[in-house]
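Shown next: structure25.cif, given as mmCIF, C-alpha atoms.
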```cif
data_run
#
loop_
_atom_site.label_atom_id
_atom_site.label_comp_id
_atom_site.auth_asym_id
_atom_site.auth_seq_id
_atom_site.Cartn_x
_atom_site.Cartn_y
_atom_site.Cartn_z
CA ASN A 20 0.00 0.00 0.00
CA ASP A 21 1.62 3.27 -1.19
CA TYR A 22 -0.77 5.50 0.74
CA GLN A 23 0.53 7.05 3.94
CA THR A 24 -1.55 6.90 7.10
CA GLU A 25 0.98 8.14 9.67
CA HIS A 26 2.62 11.43 8.71
CA ILE A 27 1.23 12.35 5.31
CA ASP A 28 3.94 14.48 3.70
CA VAL A 29 1.74 16.16 1.07
CA LEU A 30 -0.31 17.65 3.91
CA ASP A 31 2.81 19.62 4.88
CA GLY A 32 2.59 21.39 1.54
CA VAL A 33 -1.14 22.04 1.75
CA ARG A 34 -0.76 23.47 5.26
CA ALA A 35 2.28 25.54 4.30
CA ILE A 36 0.67 27.01 1.18
CA SER A 37 -2.57 27.78 3.05
CA ILE A 38 -0.72 29.64 5.80
CA LEU A 39 1.48 31.48 3.30
CA ILE A 40 -1.62 32.77 1.51
CA VAL A 41 -3.12 33.92 4.84
CA VAL A 42 0.20 35.66 5.57
CA TRP A 43 0.15 37.22 2.10
CA PHE A 44 -3.38 38.48 2.75
CA HIS A 45 -2.35 40.28 5.93
CA PHE A 46 0.78 41.75 4.35
CA TRP A 47 -1.29 42.85 1.35
CA GLN A 48 -3.74 44.57 3.71
CA GLN A 49 -0.93 46.68 5.11
CA SER A 50 1.17 47.27 2.00
CA TRP A 51 -1.43 47.44 -0.80
CA LEU A 52 1.21 45.87 -3.02
CA MET A 53 -0.80 44.33 -5.85
CA PRO A 54 0.48 41.22 -7.68
CA ILE A 55 -0.27 42.74 -11.07
CA VAL A 56 2.24 42.98 -13.93
CA GLY A 57 0.71 44.14 -17.21
CA ASP A 58 -2.08 41.72 -18.08
CA PHE A 59 -0.87 39.23 -15.47
CA ASN A 60 -3.10 39.60 -12.43
CA ILE A 61 -3.34 37.21 -9.48
CA ASP A 62 -4.63 39.84 -7.07
CA TRP A 63 -7.59 37.56 -6.32
CA ILE A 64 -5.31 35.23 -4.34
CA PRO A 65 -4.35 37.61 -1.49
CA ARG A 66 -7.77 39.29 -1.60
CA ASN A 67 -9.33 35.96 -0.64
CA GLY A 68 -6.54 34.94 1.71
CA ALA A 69 -8.72 35.01 4.82
CA LEU A 70 -10.75 32.12 3.39
CA LEU A 71 -7.76 29.79 3.79
CA VAL A 72 -8.26 29.82 7.57
CA ASP A 73 -11.13 27.41 6.88
CA MET A 74 -8.71 25.09 5.06
CA LEU A 75 -6.48 25.10 8.14
CA ILE A 76 -9.46 24.15 10.33
CA LEU A 77 -10.33 21.37 7.88
CA ILE A 78 -6.74 20.03 7.92
CA SER A 79 -6.79 20.18 11.72
CA GLY A 80 -9.96 18.09 11.87
CA PHE A 81 -8.46 15.62 9.39
CA CYS A 82 -5.11 15.21 11.14
CA LEU A 83 -6.56 15.05 14.65
CA PHE A 84 -9.05 12.35 13.68
CA LEU A 85 -6.66 10.33 11.48
CA PRO A 86 -5.37 7.98 14.25
CA TYR A 87 -8.95 7.38 15.42
CA ALA A 88 -10.04 6.68 11.84
CA LYS A 89 -7.25 4.09 11.64
CA SER A 90 -8.56 2.56 14.85
CA MET A 91 -12.05 2.31 13.35
CA VAL A 92 -10.90 0.79 10.07
CA TYR A 93 -7.91 -1.35 11.11
CA GLY A 94 -9.02 -2.25 14.62
CA THR A 95 -5.88 -0.77 16.19
CA GLU A 96 -5.75 0.88 19.58
CA ALA A 97 -6.72 4.54 19.52
CA PRO A 98 -4.85 7.21 21.50
CA CYS A 99 -6.41 7.88 24.89
CA ALA A 100 -7.69 11.33 25.86
CA LYS A 101 -4.68 11.89 28.13
CA VAL A 102 -2.23 11.37 25.26
CA PHE A 103 -4.33 13.58 22.99
CA TYR A 104 -4.37 16.49 25.45
CA LYS A 105 -0.66 16.08 26.25
CA LYS A 106 0.24 16.39 22.56
CA ARG A 107 -2.06 19.37 22.02
CA VAL A 108 -0.64 21.21 25.03
CA ALA A 109 2.91 20.55 23.86
CA ARG A 110 2.09 21.74 20.36
CA ILE A 111 0.07 24.86 21.18
CA PHE A 112 0.77 26.25 24.64
CA PRO A 113 4.51 27.16 24.60
CA SER A 114 4.42 29.20 21.38
CA TYR A 115 1.02 30.70 22.16
CA TYR A 116 1.81 31.87 25.68
CA PHE A 117 5.26 33.06 24.61
CA SER A 118 3.56 35.25 22.01
CA VAL A 119 0.98 36.62 24.46
CA PHE A 120 3.49 37.57 27.16
CA MET A 121 6.13 38.91 24.78
CA VAL A 122 3.55 41.22 23.21
CA LEU A 123 2.24 42.22 26.65
CA PHE A 124 5.59 43.03 28.28
CA LEU A 125 7.58 44.30 25.29
CA PHE A 126 4.91 46.34 23.53
CA ALA A 127 1.43 46.71 25.05
CA LEU A 128 2.50 47.78 28.56
CA PRO A 129 5.63 49.84 27.68
CA LEU A 130 3.74 51.68 24.92
CA GLY A 131 0.80 52.43 27.23
CA GLU A 132 -1.69 50.76 24.89
CA TYR A 133 -4.01 49.90 27.79
CA THR A 134 -5.79 52.94 29.16
CA ASP A 135 -8.20 50.90 31.25
CA ASN A 136 -6.94 48.35 33.79
CA ARG A 137 -10.23 46.46 33.64
CA PHE A 138 -9.79 45.87 29.93
CA LEU A 139 -6.14 44.92 30.49
CA TRP A 140 -7.16 42.10 32.82
CA LYS A 141 -10.11 41.07 30.68
CA ASP A 142 -7.92 40.96 27.57
CA LEU A 143 -5.15 39.03 29.31
CA LEU A 144 -7.35 36.50 31.11
CA SER A 145 -9.49 35.84 28.04
CA HIS A 146 -6.32 35.03 26.08
CA ILE A 147 -4.87 32.89 28.87
CA PHE A 148 -8.04 30.76 28.95
CA PHE A 149 -8.63 30.82 25.16
CA LEU A 150 -11.89 32.77 25.40
CA ASN A 151 -10.71 35.82 23.47
CA ASN A 152 -12.98 35.13 20.47
CA LEU A 153 -16.15 35.22 22.57
CA SER A 154 -16.38 38.95 23.32
CA TYR A 155 -16.19 41.88 20.93
CA ASP A 156 -13.49 43.92 22.68
CA THR A 157 -11.03 41.06 23.30
CA LEU A 158 -11.48 39.97 19.68
CA VAL A 159 -11.46 43.29 17.82
CA ILE A 160 -9.55 45.80 19.95
CA THR A 161 -7.23 43.38 21.74
CA LYS A 162 -3.68 44.58 22.26
CA LEU A 163 -2.39 40.99 22.38
CA ASN A 164 -2.31 40.03 18.70
CA GLY A 165 -5.51 39.86 16.68
CA VAL A 166 -4.91 36.54 14.90
CA LEU A 167 -4.96 34.52 18.13
CA TRP A 168 -8.75 34.10 17.88
CA THR A 169 -8.12 31.12 15.59
CA VAL A 170 -6.10 29.39 18.31
CA ALA A 171 -9.02 29.93 20.69
CA VAL A 172 -11.37 28.25 18.20
CA GLU A 173 -9.00 25.28 17.90
CA VAL A 174 -8.55 24.87 21.65
CA GLN A 175 -12.31 25.02 22.22
CA PHE A 176 -12.62 22.12 19.78
CA TYR A 177 -9.83 20.27 21.59
CA LEU A 178 -11.81 20.39 24.82
CA ILE A 179 -14.70 18.41 23.33
CA PHE A 180 -12.75 16.42 20.74
CA PRO A 181 -12.48 13.15 22.75
CA LEU A 182 -16.26 13.23 23.13
CA LEU A 183 -16.72 13.84 19.40
CA VAL A 184 -14.36 10.93 18.72
CA LYS A 185 -16.41 8.53 20.85
CA CYS A 186 -19.62 9.64 19.16
CA PHE A 187 -18.10 9.35 15.68
CA GLN A 188 -16.70 5.88 16.41
CA LYS A 189 -20.12 4.62 17.51
CA ARG A 190 -22.34 6.53 15.08
CA PRO A 191 -20.27 8.21 12.35
CA VAL A 192 -23.15 9.28 10.13
CA SER A 193 -25.24 10.65 12.99
CA THR A 194 -22.25 12.47 14.50
CA TYR A 195 -21.25 13.99 11.18
CA THR A 196 -24.84 15.06 10.55
CA GLY A 197 -25.17 16.58 14.01
CA MET A 198 -21.91 18.54 13.75
CA THR A 199 -22.85 19.73 10.27
CA LEU A 200 -26.27 20.87 11.43
CA ILE A 201 -24.69 22.87 14.27
CA GLY A 202 -22.48 24.60 11.73
CA LEU A 203 -25.23 25.16 9.17
CA VAL A 204 -27.89 26.38 11.61
CA SER A 205 -25.51 28.77 13.40
CA SER A 206 -24.21 30.07 10.05
CA TYR A 207 -27.76 30.57 8.79
CA LEU A 208 -28.89 32.46 11.90
CA ILE A 209 -25.80 34.67 11.90
CA SER A 210 -26.03 35.35 8.15
CA ARG A 211 -29.75 36.11 8.35
CA ASN A 212 -29.27 38.59 11.21
CA PHE A 213 -25.84 39.76 10.09
CA HIS A 214 -26.61 43.48 9.87
CA SER A 215 -27.99 43.59 13.42
CA LEU A 216 -24.98 41.81 14.92
CA PRO A 217 -21.41 42.96 15.66
CA HIS A 218 -19.90 41.53 12.46
CA ALA A 219 -16.39 40.75 13.64
CA LEU A 220 -17.64 38.80 16.66
CA TYR A 221 -19.85 36.45 14.70
CA VAL A 222 -18.18 36.05 11.31
CA ASN A 223 -15.82 33.42 12.74
CA HIS A 224 -17.91 32.11 15.62
CA THR A 225 -16.76 28.72 16.88
CA LEU A 226 -20.16 27.12 16.23
CA THR A 227 -19.96 27.92 12.51
CA PHE A 228 -16.74 25.88 12.25
CA PHE A 229 -18.42 22.67 13.45
CA SER A 230 -19.31 21.78 9.88
CA VAL A 231 -15.75 22.46 8.70
CA PHE A 232 -14.31 20.31 11.48
CA ALA A 233 -16.85 17.60 10.65
CA ASN A 234 -15.70 17.55 7.02
CA GLY A 235 -12.12 17.12 8.18
CA MET A 236 -13.09 14.13 10.34
CA LEU A 237 -15.18 12.67 7.51
CA GLY A 238 -12.24 13.10 5.14
CA ALA A 239 -9.89 11.18 7.47
CA TRP A 240 -12.36 8.31 7.91
CA THR A 241 -13.05 8.10 4.18
CA TYR A 242 -9.36 8.28 3.28
CA VAL A 243 -8.36 5.45 5.63
CA SER A 244 -11.35 3.35 4.58
CA VAL A 245 -10.74 3.75 0.83
CA THR A 246 -6.99 3.14 1.01
CA LYS A 247 -7.08 0.07 3.25
CA GLU A 248 -5.00 -2.65 1.56
CA LYS A 249 -5.51 -0.92 -1.77
CA LYS A 250 -2.86 -0.63 -4.47
CA PRO A 251 -3.12 2.66 -6.34
CA LEU A 252 -4.07 2.34 -10.01
CA LYS A 253 -2.87 4.90 -12.53
CA ALA A 254 -6.35 5.39 -13.96
CA GLU A 255 -7.75 6.08 -10.51
CA GLN A 256 -4.97 8.49 -9.66
CA PHE A 257 -5.54 10.36 -12.91
CA PHE A 258 -9.18 10.76 -11.83
CA TYR A 259 -8.07 12.14 -8.46
CA ILE A 260 -5.70 14.59 -10.15
CA LEU A 261 -8.70 15.83 -12.15
CA MET A 262 -10.68 15.99 -8.91
CA THR A 263 -8.01 18.25 -7.41
CA LEU A 264 -7.95 20.50 -10.47
CA GLY A 265 -11.75 20.62 -10.52
CA GLY A 266 -11.74 21.60 -6.85
CA LEU A 267 -9.28 24.41 -7.56
CA VAL A 268 -11.56 25.68 -10.35
CA LEU A 269 -14.51 25.64 -7.94
CA TYR A 270 -12.38 27.48 -5.39
CA LYS A 271 -11.63 30.20 -7.94
CA ILE A 272 -15.35 30.50 -8.71
CA LEU A 273 -16.12 30.86 -4.98
CA CYS A 274 -13.37 33.49 -4.64
CA ASP A 275 -14.88 35.51 -7.50
CA HIS A 276 -18.30 35.25 -5.87
CA HIS A 277 -16.81 36.29 -2.53
CA MET A 278 -15.25 39.41 -4.07
CA SER A 279 -18.51 40.39 -5.80
CA PHE A 280 -20.69 39.81 -2.73
CA PRO A 281 -21.95 43.00 -1.01
CA ASN A 282 -20.38 42.01 2.32
CA GLY A 283 -17.35 39.70 2.29
CA GLN A 284 -17.65 38.78 5.97
CA GLN A 285 -21.27 37.80 5.59
CA TRP A 286 -20.25 35.63 2.63
CA GLN A 287 -17.76 33.79 4.81
CA VAL A 288 -20.47 32.82 7.27
CA LYS A 289 -23.11 32.03 4.66
CA TYR A 290 -20.92 29.84 2.44
CA ARG A 291 -18.60 28.31 5.06
CA TYR A 292 -19.91 24.75 4.64
CA ILE A 293 -19.83 24.88 0.83
CA LEU A 294 -16.30 26.27 0.90
CA SER A 295 -15.19 23.46 3.22
CA LEU A 296 -16.67 20.87 0.85
CA VAL A 297 -14.60 22.34 -1.99
CA TYR A 298 -11.52 22.27 0.24
CA LEU A 299 -12.28 18.64 1.08
CA LEU A 300 -12.53 17.84 -2.63
CA ILE A 301 -9.10 19.41 -3.25
CA LEU A 302 -7.56 17.75 -0.20
CA PHE A 303 -8.97 14.30 -0.95
CA GLY A 304 -7.80 14.46 -4.56
CA ILE A 305 -4.28 15.34 -3.43
CA LEU A 306 -4.26 12.56 -0.85
CA MET A 307 -5.47 9.92 -3.27
CA ALA A 308 -2.91 10.92 -5.92
CA GLN A 309 -0.22 11.88 -3.45
CA GLN A 310 2.66 10.20 -5.28
CA TYR A 311 2.13 12.70 -8.13
CA PHE A 312 1.88 15.69 -5.78
CA ARG A 313 4.79 14.69 -3.52
CA PHE A 314 7.38 16.55 -5.59
CA LEU A 315 5.45 19.82 -5.15
CA LEU A 316 3.91 19.36 -1.70
CA GLY A 317 5.99 16.76 0.14
CA ASN A 318 9.49 18.13 -0.37
CA ARG A 319 11.95 19.41 2.26
CA LEU A 320 11.01 23.05 1.76
CA MET A 321 7.34 22.33 2.41
CA LYS A 322 8.22 20.25 5.46
CA PHE A 323 10.32 23.12 6.82
CA LEU A 324 7.57 25.68 6.15
CA ALA A 325 5.00 23.39 7.78
CA THR A 326 7.29 23.03 10.81
CA ILE A 327 7.51 26.80 11.38
CA SER A 328 3.97 27.48 10.16
CA PHE A 329 2.30 27.79 13.56
CA ASN A 330 4.75 30.41 14.80
CA LEU A 331 4.71 32.14 11.42
CA TYR A 332 0.95 32.33 11.65
CA ILE A 333 0.72 33.73 15.17
CA TRP A 334 3.47 36.35 14.66
CA HIS A 335 3.24 37.65 11.08
CA GLN A 336 0.30 40.07 11.33
CA TYR A 337 1.47 41.65 14.57
CA ILE A 338 4.94 42.17 13.09
CA ALA A 339 3.48 43.77 9.95
CA VAL A 340 1.27 46.13 11.95
CA LYS A 341 4.07 47.17 14.32
CA LEU A 342 6.60 47.76 11.55
CA LYS A 343 4.17 50.11 9.87
CA GLU A 344 3.24 51.76 13.17
CA PHE A 345 6.94 52.34 13.98
CA ARG A 346 7.49 53.66 10.41
CA ILE A 347 9.91 50.93 9.44
CA PRO A 348 10.99 51.45 6.66
CA TYR A 349 10.87 55.13 7.52
CA TRP A 350 8.24 57.40 5.97
CA GLU A 351 7.25 61.01 6.56
CA GLY A 352 3.94 62.81 6.73
CA ASP A 353 0.51 61.81 7.98
CA THR A 354 -0.52 59.63 5.05
CA PRO A 355 0.98 56.10 4.90
CA PRO A 356 3.09 55.66 1.74
CA ASN A 357 1.01 52.73 0.51
CA GLN A 358 -1.94 55.13 0.21
CA LEU A 359 0.26 57.44 -1.87
CA GLY A 360 1.28 54.64 -4.24
CA ASP A 361 4.93 54.75 -3.14
CA LYS A 362 6.05 51.50 -4.80
CA PRO A 363 9.69 51.52 -3.57
CA TRP A 364 8.49 51.83 0.03
CA MET A 365 5.80 49.19 -0.52
CA TRP A 366 8.38 46.70 -1.80
CA LYS A 367 10.82 47.45 1.02
CA TYR A 368 8.06 47.09 3.58
CA MET A 369 6.76 43.83 2.10
CA LEU A 370 10.23 42.25 1.94
CA LEU A 371 10.99 43.40 5.49
CA CYS A 372 7.70 41.88 6.75
CA ILE A 373 8.60 38.59 5.10
CA ALA A 374 12.17 38.56 6.44
CA VAL A 375 11.30 39.51 10.03
CA SER A 376 8.31 37.17 10.20
CA LEU A 377 10.33 34.21 8.92
CA ALA A 378 13.19 34.99 11.30
CA VAL A 379 10.88 35.19 14.31
CA ALA A 380 9.03 32.03 13.26
CA ILE A 381 12.29 30.09 12.87
CA LEU A 382 13.71 31.29 16.19
CA THR A 383 10.53 30.64 18.18
CA THR A 384 10.13 27.19 16.61
CA TYR A 385 13.65 25.88 17.06
CA LEU A 386 14.60 27.65 20.29
#
```

Would you encode the structure as structure tokens?
Amino acid sequence: NDYQTEHIDVLDGVRAISILIVVWFHFWQQSWLMPIVGDFNIDWIPRNGALLVDMLILISGFCLFLPYAKSMVYGTEAPCAKVFYKKRVARIFPSYYFSVFMVLFLFALPLGEYTDNRFLWKDLLSHIFFLNNLSYDTLVITKLNGVLWTVAVEVQFYLIFPLLVKCFQKRPVSTYTGMTLIGLVSSYLISRNFHSLPHALYVNHTLTFFSVFANGMLGAWTYVSVTKEKKPLKAEQFFYILMTLGGLVLYKILCDHHMSFPNGQQWQVKYRYILSLVYLLILFGILMAQQYFRFLLGNRLMKFLATISFNLYIWHQYIAVKLKEFRIPYWEGDTPPNQLGDKPWMWKYMLLCIAVSLAVAILTTYL
């Protein structure tokens, strides 16, 4: 059997590319540097970069459930809850808390960014206990790094994941249906009442990601089931390559629809489940034809980028914002140079964001 069921190397590439596009989106927001040269225009990629967070949630659901899917299909022993939590703590907590306290003691407090001690403690405690995505102020006006809401969503899933595993092992269809309904109903209610709600608080509500997480778990179970004792046939793999390409075409169509929609955030909530199905189509095609994608997605560079990806993700936006705030590279006047179309500055700023973010991600990963 040529299919991997332990560490699947092509997933390194999918994760790395997804995070790099999210990073590109945030750098693009700050720099306004458009990837347009003559008639060549791929500006739609960074403009839709925020949508790749859903791919990361899908991959998380897939990878977390993979050993339990193997247990269901092969009859092997599944990891116990204690082992699961120990691995999640080791993976998430050191880098996360290092980020929170470095930002707090090196920037937020010395720069006097907190003018209200009550908000200081609320902001800090909500981040310590991974509740920062559940209130508007700690999500939107936090001084402790705005991208950390995604980590809160993940950790909230971790808390109930062993329970979801038990339910899925006993009743996979019912569990998948229930999780999907939670995601669909919450997305529908939020989308329907979107203009009467604080947008930023509800656009990425944890409940709406239940359907995305469910698709990741379904993908892992299906992948292990289909590949059990199965030798890959060239004709089948050609079909899966076409499946991947078809999924990418559908993704481009969804991106175009997202950009033309009156409110992009409302679109994210309304079409979250459909987007995750397209991501699942792409992911499953890559997995089933992985020997043909390994050169692009399973190489050493992708493995390295996947290794530093978590720290790159949690640091990049804060670094970009602070560099611009501190006028690095230097600029004069009251209007930021990106708004004046200053291309030399925009390029210097973009390259500096990339260099500093990569350096910080490498240091915090390996040290």

Excluding Phe228 in chain A and residues on its chain fewer than 5 positions from it, collect all residues at most 10 Å away from it, counting only C-alpha atoms, and give them as a short mmCIF file (atom, residue, chain, number, x, y, z; two decimals) with C-alpha atoms, in the coordinates of the input.
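The result, stored in selection.cif:
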```
data_model
loop_
_atom_site.label_atom_id
_atom_site.label_comp_id
_atom_site.auth_asym_id
_atom_site.auth_seq_id
_atom_site.Cartn_x
_atom_site.Cartn_y
_atom_site.Cartn_z
CA ASP A 73 -11.13 27.41 6.88
CA ILE A 76 -9.46 24.15 10.33
CA LEU A 77 -10.33 21.37 7.88
CA VAL A 172 -11.37 28.25 18.20
CA GLU A 173 -9.00 25.28 17.90
CA PHE A 176 -12.62 22.12 19.78
CA MET A 198 -21.91 18.54 13.75
CA THR A 199 -22.85 19.73 10.27
CA ILE A 201 -24.69 22.87 14.27
CA GLY A 202 -22.48 24.60 11.73
CA LEU A 203 -25.23 25.16 9.17
CA SER A 205 -25.51 28.77 13.40
CA SER A 206 -24.21 30.07 10.05
CA ASN A 223 -15.82 33.42 12.74
CA ALA A 233 -16.85 17.60 10.65
CA ASN A 234 -15.70 17.55 7.02
CA VAL A 288 -20.47 32.82 7.27
CA ARG A 291 -18.60 28.31 5.06
CA TYR A 292 -19.91 24.75 4.64
CA SER A 295 -15.19 23.46 3.22
#
```

Practice prompt. Could you check how far CA of Val375 in chain A sits from CA of Phe124 in chain A, in Å to one decimal?
Written response: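 Taking CA of Val375 in chain A as the start and CA of Phe124 in chain A as the end point, the length is 19.4 Å.
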
I would like the residues chosen by the PyMOL selection byres ((chain A and resi 161) around 12) on the shown file; could you give them as a CSV table (one decimal) with C-alpha atoms, in the frame of the given file?
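The result, written out as selection22.csv:
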```
chain,number,residue,atom,x,y,z
A,119,VAL,CA,1.0,36.6,24.5
A,122,VAL,CA,3.6,41.2,23.2
A,123,LEU,CA,2.2,42.2,26.6
A,127,ALA,CA,1.4,46.7,25.0
A,132,GLU,CA,-1.7,50.8,24.9
A,133,TYR,CA,-4.0,49.9,27.8
A,138,PHE,CA,-9.8,45.9,29.9
A,139,LEU,CA,-6.1,44.9,30.5
A,140,TRP,CA,-7.2,42.1,32.8
A,141,LYS,CA,-10.1,41.1,30.7
A,142,ASP,CA,-7.9,41.0,27.6
A,143,LEU,CA,-5.2,39.0,29.3
A,144,LEU,CA,-7.4,36.5,31.1
A,145,SER,CA,-9.5,35.8,28.0
A,146,HIS,CA,-6.3,35.0,26.1
A,151,ASN,CA,-10.7,35.8,23.5
A,152,ASN,CA,-13.0,35.1,20.5
A,154,SER,CA,-16.4,39.0,23.3
A,155,TYR,CA,-16.2,41.9,20.9
A,156,ASP,CA,-13.5,43.9,22.7
A,157,THR,CA,-11.0,41.1,23.3
A,158,LEU,CA,-11.5,40.0,19.7
A,159,VAL,CA,-11.5,43.3,17.8
A,160,ILE,CA,-9.6,45.8,20.0
A,162,LYS,CA,-3.7,44.6,22.3
A,163,LEU,CA,-2.4,41.0,22.4
A,164,ASN,CA,-2.3,40.0,18.7
A,165,GLY,CA,-5.5,39.9,16.7
A,166,VAL,CA,-4.9,36.5,14.9
A,167,LEU,CA,-5.0,34.5,18.1
A,168,TRP,CA,-8.8,34.1,17.9
A,337,TYR,CA,1.5,41.6,14.6
```

Worksheet item: Which one of A:Leu130, A:Met74, A:Val297, A:Val222 sits closest to Gly265 in chain A if you count only C-alpha atoms?
Response: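 Among the listed residues, the smallest separation from Gly265 in chain A belongs to A:Val297.
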
Discussion item. If I take CA of His218 in chain A and CA of Gly283 in chain A, how far is one from the other in Å, to one decimal?
Written reply: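 Computing the Euclidean distance for CA of His218 in chain A and CA of Gly283 in chain A yields 10.6 Å.
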
Practice prompt. Please indicate the distance in Å from CA of Cys274 in chain A to CA of Trp51 in chain A, rounded to one decimal place.
Written response: 18.8 Å

Item to complete: Kindly resolve the PyMOL selection byres ((chain A and resi 364) around 12) on the present coordinates and return the residues as JSON, numbers by chain.
Response: {"A": [49, 50, 51, 52, 343, 346, 347, 348, 349, 350, 351, 355, 356, 357, 358, 359, 360, 361, 362, 363, 365, 366, 367, 368, 369, 370, 371]}

Item to complete: Take the PyMOL selection byres ((chain A and resi 326) around 10), apply it to the structure above, and return the hits as JSON, numbers by chain.
Response: {"A": [31, 34, 35, 320, 321, 322, 323, 324, 325, 327, 328, 329, 330, 331, 380, 381, 384, 385]}

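For the residues A:Ser193, A:Gln188, A:Ser79, A:Asn212, ranking by smallest atom-to-atom distance to Gln285 in chain A using all atoms listed in the file places A:Asn212 first.
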
Practice prompt. Using only C-alpha atoms, pick whichever of A:Trp63, A:Phe180, A:Phe112, A:Tyr311 has the shortest atom-to-atom distance to Phe229 in chain A.
Written response: A:Phe180

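Remark: residues at most 8 Å from position (-4.3, 5.2, 13.4) in file coordinates are Thr24, Glu25, Leu85, Pro86, Tyr87, Ala88, Lys89, Ser90, Tyr93, Thr95, Glu96 and Ala97 of chain A, using only C-alpha atoms.
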
What lies within 9 Å of Leu302 in chain A using only C-alpha atoms, ignoring chain neighbours under 5 positions off, as a tab-separated table (two decimals) with C-alpha atoms, in the frame of the given file?
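around13.tsv, freshly written:
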```tsv
chain	number	residue	atom	x	y	z
A	30	LEU	CA	-0.31	17.65	3.91
A	33	VAL	CA	-1.14	22.04	1.75
A	78	ILE	CA	-6.74	20.03	7.92
A	238	GLY	CA	-12.24	13.10	5.14
A	263	THR	CA	-8.01	18.25	-7.41
A	266	GLY	CA	-11.74	21.60	-6.85
A	297	VAL	CA	-14.60	22.34	-1.99
A	307	MET	CA	-5.47	9.92	-3.27
```

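Counting all atoms listed in the file, Ile293 in chain A has the following residues at most 10 Å away, ignoring those fewer than 4 positions along the same chain: Leu203, Ser230, Val231, Leu273, Gln287, Lys289, Val297, Tyr298 and Leu299 of chain A.
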
Discussion item. I need the residue nearest Phe103 in chain A from this list: A:Trp43, A:Phe59, A:Tyr177, A:Phe312. Use all atoms listed in the file for the distance.
Written reply: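 Nearest candidate to Phe103 in chain A out of A:Trp43, A:Phe59, A:Tyr177, A:Phe312: A:Tyr177.
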
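For the choices A:Leu261, A:Ala219, A:Ala100, A:Leu125, the atom-to-atom distance to Ile179 in chain A is smallest for A:Ala100 when using all atoms listed in the file.
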
Discussion item. For a cutoff of 7 Å around the file-coordinate point (4.2, 40.8, 4.4), which residues qualify once you count only C-alpha atoms? I'd like the result as a ChimeraX atom specification.
Written reply: /A:42-43,45-47,339,369-370,372-373

Fill in: Nearest residue to Gln309 in chain A from the set A:Met236, A:Ile260, A:Val245, A:Leu377 (distances using only C-alpha atoms)
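Residue with the minimum atom-to-atom distance to Gln309 in chain A: A:Ile260.
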
Add whatever atoms are absent from range 61-70 of chain A to reach N, CA, C and O atoms, and provide the output as a short mmCIF file (atom, residue, chain, number, x, y, z; two decimals), keeping the file's coordinate frame.
```cif
data_model
loop_
_atom_site.label_atom_id
_atom_site.label_comp_id
_atom_site.auth_asym_id
_atom_site.auth_seq_id
_atom_site.Cartn_x
_atom_site.Cartn_y
_atom_site.Cartn_z
N ILE A 61 -2.90 38.24 -10.43
CA ILE A 61 -3.34 37.21 -9.48
C ILE A 61 -3.74 37.86 -8.16
O ILE A 61 -3.61 37.27 -7.08
N ASP A 62 -4.23 39.09 -8.25
CA ASP A 62 -4.63 39.84 -7.07
C ASP A 62 -5.74 39.13 -6.29
O ASP A 62 -5.91 39.34 -5.10
N TRP A 63 -6.50 38.27 -6.98
CA TRP A 63 -7.59 37.56 -6.32
C TRP A 63 -7.09 36.60 -5.24
O TRP A 63 -7.83 36.27 -4.29
N ILE A 64 -5.83 36.18 -5.33
CA ILE A 64 -5.31 35.23 -4.34
C ILE A 64 -5.17 35.89 -2.97
O ILE A 64 -5.76 35.41 -1.99
N PRO A 65 -4.42 37.00 -2.82
CA PRO A 65 -4.35 37.61 -1.49
C PRO A 65 -5.68 38.21 -1.04
O PRO A 65 -5.97 38.22 0.16
N ARG A 66 -6.48 38.71 -1.98
CA ARG A 66 -7.77 39.29 -1.60
C ARG A 66 -8.67 38.28 -0.89
O ARG A 66 -9.49 38.64 -0.05
N ASN A 67 -8.52 37.02 -1.25
CA ASN A 67 -9.33 35.96 -0.64
C ASN A 67 -8.55 35.15 0.39
O ASN A 67 -8.98 34.06 0.78
N GLY A 68 -7.42 35.69 0.82
CA GLY A 68 -6.54 34.94 1.71
C GLY A 68 -7.18 34.52 3.02
O GLY A 68 -6.86 33.46 3.55
N ALA A 69 -8.08 35.33 3.55
CA ALA A 69 -8.72 35.01 4.82
C ALA A 69 -9.52 33.70 4.75
O ALA A 69 -9.73 33.04 5.77
N LEU A 70 -9.95 33.34 3.54
CA LEU A 70 -10.75 32.12 3.39
C LEU A 70 -9.94 30.86 3.66
O LEU A 70 -10.51 29.80 3.92
#
```
